[in-house]
file input_30.cif (mmCIF, C-alpha atoms, pLDDT in the B column; chains and numbers go by the auth columns)
data_query
loop_
_atom_site.group_PDB
_atom_site.id
_atom_site.type_symbol
_atom_site.label_atom_id
_atom_site.label_comp_id
_atom_site.label_asym_id
_atom_site.label_seq_id
_atom_site.Cartn_x
_atom_site.Cartn_y
_atom_site.Cartn_z
_atom_site.B_iso_or_equiv
_atom_site.auth_seq_id
_atom_site.auth_asym_id
ATOM 1 C CA MET A 1 116.414 -22.144 25.942 78.00 1 A
ATOM 2 C CA THR A 2 115.346 -25.063 28.073 92.00 2 A
ATOM 3 C CA PRO A 3 116.804 -28.544 27.542 89.00 3 A
ATOM 4 C CA GLU A 4 113.374 -29.730 26.353 91.00 4 A
ATOM 5 C CA ASN A 5 113.205 -27.047 23.656 92.00 5 A
ATOM 6 C CA LEU A 6 116.784 -27.754 22.636 93.00 6 A
ATOM 7 C CA TYR A 7 115.991 -31.467 22.323 94.00 7 A
ATOM 8 C CA LYS A 8 112.965 -30.699 20.108 93.00 8 A
ATOM 9 C CA GLN A 9 115.001 -28.411 17.856 95.00 9 A
ATOM 10 C CA VAL A 10 117.849 -30.913 17.505 95.00 10 A
ATOM 11 C CA ARG A 11 115.366 -33.721 16.806 95.00 11 A
ATOM 12 C CA ARG A 12 113.598 -31.614 14.182 95.00 12 A
ATOM 13 C CA LEU A 13 116.919 -30.739 12.522 96.00 13 A
ATOM 14 C CA ALA A 14 118.001 -34.401 12.509 97.00 14 A
ATOM 15 C CA ILE A 15 114.710 -35.494 10.925 96.00 15 A
ATOM 16 C CA PHE A 16 115.029 -32.738 8.339 97.00 16 A
ATOM 17 C CA LEU A 17 118.576 -33.680 7.380 97.00 17 A
ATOM 18 C CA ILE A 18 117.879 -37.410 7.218 97.00 18 A
ATOM 19 C CA GLY A 19 114.581 -36.949 5.353 97.00 19 A
ATOM 20 C CA ILE A 20 116.058 -34.560 2.784 97.00 20 A
ATOM 21 C CA SER A 21 118.984 -36.941 2.279 97.00 21 A
ATOM 22 C CA ILE A 22 116.602 -39.822 1.592 97.00 22 A
ATOM 23 C CA VAL A 23 114.566 -37.728 -0.861 96.00 23 A
ATOM 24 C CA LEU A 24 117.733 -36.597 -2.671 96.00 24 A
ATOM 25 C CA ILE A 25 118.928 -40.207 -2.911 97.00 25 A
ATOM 26 C CA GLY A 26 115.519 -41.056 -4.392 95.00 26 A
ATOM 27 C CA CYS A 27 115.943 -38.273 -6.957 95.00 27 A
ATOM 28 C CA ILE A 28 119.322 -39.705 -7.936 96.00 28 A
ATOM 29 C CA LEU A 29 117.694 -43.113 -8.318 95.00 29 A
ATOM 30 C CA PHE A 30 115.455 -41.674 -11.054 90.00 30 A
ATOM 31 C CA PHE A 31 118.541 -41.528 -13.272 93.00 31 A
ATOM 32 C CA THR A 32 120.167 -44.733 -12.097 93.00 32 A
ATOM 33 C CA PRO A 33 118.645 -48.172 -11.694 90.00 33 A
ATOM 34 C CA GLY A 34 116.912 -48.206 -8.370 89.00 34 A
ATOM 35 C CA PRO A 35 113.589 -48.000 -6.528 93.00 35 A
ATOM 36 C CA ALA A 36 113.065 -44.207 -6.606 90.00 36 A
ATOM 37 C CA ILE A 37 109.288 -44.668 -6.415 89.00 37 A
ATOM 38 C CA ILE A 38 109.783 -46.287 -2.991 92.00 38 A
ATOM 39 C CA VAL A 39 112.633 -44.186 -1.611 95.00 39 A
ATOM 40 C CA ILE A 40 111.133 -40.737 -2.230 93.00 40 A
ATOM 41 C CA PRO A 41 107.840 -41.444 -0.405 94.00 41 A
ATOM 42 C CA ALA A 42 109.829 -42.960 2.465 95.00 42 A
ATOM 43 C CA GLY A 43 111.790 -39.739 2.810 96.00 43 A
ATOM 44 C CA LEU A 44 108.615 -37.677 2.583 95.00 44 A
ATOM 45 C CA ALA A 45 106.960 -39.852 5.215 95.00 45 A
ATOM 46 C CA LEU A 46 109.868 -39.226 7.555 96.00 46 A
ATOM 47 C CA LEU A 47 109.696 -35.487 6.893 96.00 47 A
ATOM 48 C CA ALA A 48 105.912 -35.530 7.360 96.00 48 A
ATOM 49 C CA THR A 49 106.379 -36.514 10.985 95.00 49 A
ATOM 50 C CA GLU A 50 107.630 -32.962 11.682 94.00 50 A
ATOM 51 C CA PHE A 51 106.673 -30.725 8.750 95.00 51 A
ATOM 52 C CA ILE A 52 103.216 -29.841 7.396 95.00 52 A
ATOM 53 C CA TRP A 53 104.550 -29.074 3.911 95.00 53 A
ATOM 54 C CA ALA A 54 105.946 -32.605 3.645 95.00 54 A
ATOM 55 C CA LYS A 55 102.631 -34.075 4.792 95.00 55 A
ATOM 56 C CA LYS A 56 100.810 -32.128 2.050 96.00 56 A
ATOM 57 C CA LEU A 57 103.378 -33.161 -0.555 94.00 57 A
ATOM 58 C CA LEU A 58 103.114 -36.815 0.482 93.00 58 A
ATOM 59 C CA LYS A 59 99.313 -36.632 0.236 95.00 59 A
ATOM 60 C CA LYS A 60 99.585 -35.149 -3.276 95.00 60 A
ATOM 61 C CA PHE A 61 102.072 -37.876 -4.229 92.00 61 A
ATOM 62 C CA LYS A 62 99.680 -40.585 -3.017 92.00 62 A
ATOM 63 C CA GLU A 63 96.748 -39.048 -4.902 94.00 63 A
ATOM 64 C CA THR A 64 98.779 -38.770 -8.103 93.00 64 A
ATOM 65 C CA THR A 65 100.075 -42.330 -7.954 90.00 65 A
ATOM 66 C CA TYR A 66 96.559 -43.593 -7.247 92.00 66 A
ATOM 67 C CA SER A 67 95.128 -41.766 -10.285 93.00 67 A
ATOM 68 C CA ILE A 68 97.973 -43.001 -12.504 92.00 68 A
ATOM 69 C CA SER A 69 97.467 -46.599 -11.394 91.00 69 A
ATOM 70 C CA LYS A 70 93.709 -46.297 -11.911 91.00 70 A
ATOM 71 C CA SER A 71 94.274 -44.943 -15.434 90.00 71 A
ATOM 72 C CA ALA A 72 96.684 -47.770 -16.208 88.00 72 A
ATOM 73 C CA LYS A 73 94.178 -50.362 -14.990 89.00 73 A
ATOM 74 C CA ASP A 74 91.470 -48.813 -17.165 87.00 74 A
ATOM 75 C CA VAL A 75 93.710 -48.929 -20.239 88.00 75 A
ATOM 76 C CA ILE A 76 94.607 -52.555 -19.580 88.00 76 A
ATOM 77 C CA LYS A 77 90.950 -53.509 -19.169 85.00 77 A
ATOM 78 C CA LYS A 78 90.027 -51.655 -22.358 84.00 78 A
ATOM 79 C CA ASN A 79 92.794 -53.218 -24.460 81.00 79 A
ATOM 80 C CA PHE A 80 92.631 -56.780 -23.194 80.00 80 A
ATOM 81 C CA ASN A 81 88.893 -57.327 -22.709 67.00 81 A
#

call {"tool": "encode", "arguments": {"input": "input_30.cif", "output": "structure tokens"}}
result
Amino acid sequence: MTPENLYKQVRRLAIFLIGISIVLIGCILFFTPGPAIIVIPAGLALLATEFIWAKKLLKKFKETTYSISKSAKDVIKKNFN
């Protein structure tokens, strides 16, 4: 294994460990007072720099939050106008 390949593998492992830790902290924040809705996407964004599955999951998360916010705006407009 060349030093370049070793560096890439160590970097990928470090990103994985840090990203998973951030996502797990975000999951804990669902049950405690805290900004889970901010922390989890931050962890996914970090993971998405190296992993395709995280990029797809982050895209799905963005689409879901967009549709939820659009639905909430529609309900507010309907009830208050």

call {"tool": "closest_residue", "arguments": {"input": "input_30.cif", "among": "A:Thr64, A:Phe16, A:Val75, A:Ile28", "to": "Ala48 of chain A", "atoms": "all atoms listed in the file"}}
result
A:Phe16

call {"tool": "atom_distance", "arguments": {"input": "input_30.cif", "atom1": "atom CA of Leu17 of chain A", "atom2": "atom CA of Trp53 of chain A"}}
result
15.2 Å

call {"tool": "atom_distance", "arguments": {"input": "input_30.cif", "atom1": "atom CA of Ala45 of chain A", "atom2": "atom CA of Gly19 of chain A"}}
result
8.2 Å

call {"tool": "closest_residue", "arguments": {"input": "input_30.cif", "among": "A:Ser71, A:Thr65, A:Gln9, A:Asn79", "to": "Ile38 of chain A", "atoms": "only C-alpha atoms"}}
result
A:Thr65

call {"tool": "resolve_selection", "arguments": {"input": "input_30.cif", "expression": "the PyMOL selection byres ((chain A and resi 15) around 10)", "output": "PyMOL selection string"}}
result
chain A and resi 9-14+16-21+43+46-51

call {"tool": "atom_distance", "arguments": {"input": "input_30.cif", "atom1": "atom CA of Pro33 of chain A", "atom2": "atom CA of Lys59 of chain A"}}
result
25.5 Å

call {"tool": "residues_around", "arguments": {"input": "input_30.cif", "residues": "Ile40 of chain A", "least_positions_apart": "5", "cutoff": "9 Å", "atoms": "only C-alpha atoms", "output": "list in words"}}
result
Ile22, Val23, Leu24, Ile25, Gly26, Cys27, Pro35 and Ala45 of chain A

call {"tool": "axis_aligned_box", "arguments": {"input": "input_30.cif", "around": "segment 49-52 of chain A", "padding_each_side": "4 Å", "output": "lines of an AutoDock Vina configuration file"}}
result
center_x = 105.4
center_y = -33.2
center_z = 9.5
size_x = 12.4
size_y = 14.7
size_z = 12.3

call {"tool": "resolve_selection", "arguments": {"input": "input_30.cif", "expression": "the PyMOL selection byres ((chain A and resi 62) around 12)", "output": "list of chain:residue names"}}
result
A:Ile37, A:Ile38, A:Ile40, A:Pro41, A:Ala42, A:Leu44, A:Ala45, A:Lys55, A:Lys56, A:Leu57, A:Leu58, A:Lys59, A:Lys60, A:Phe61, A:Glu63, A:Thr64, A:Thr65, A:Tyr66, A:Ser67, A:Ile68, A:Ser69
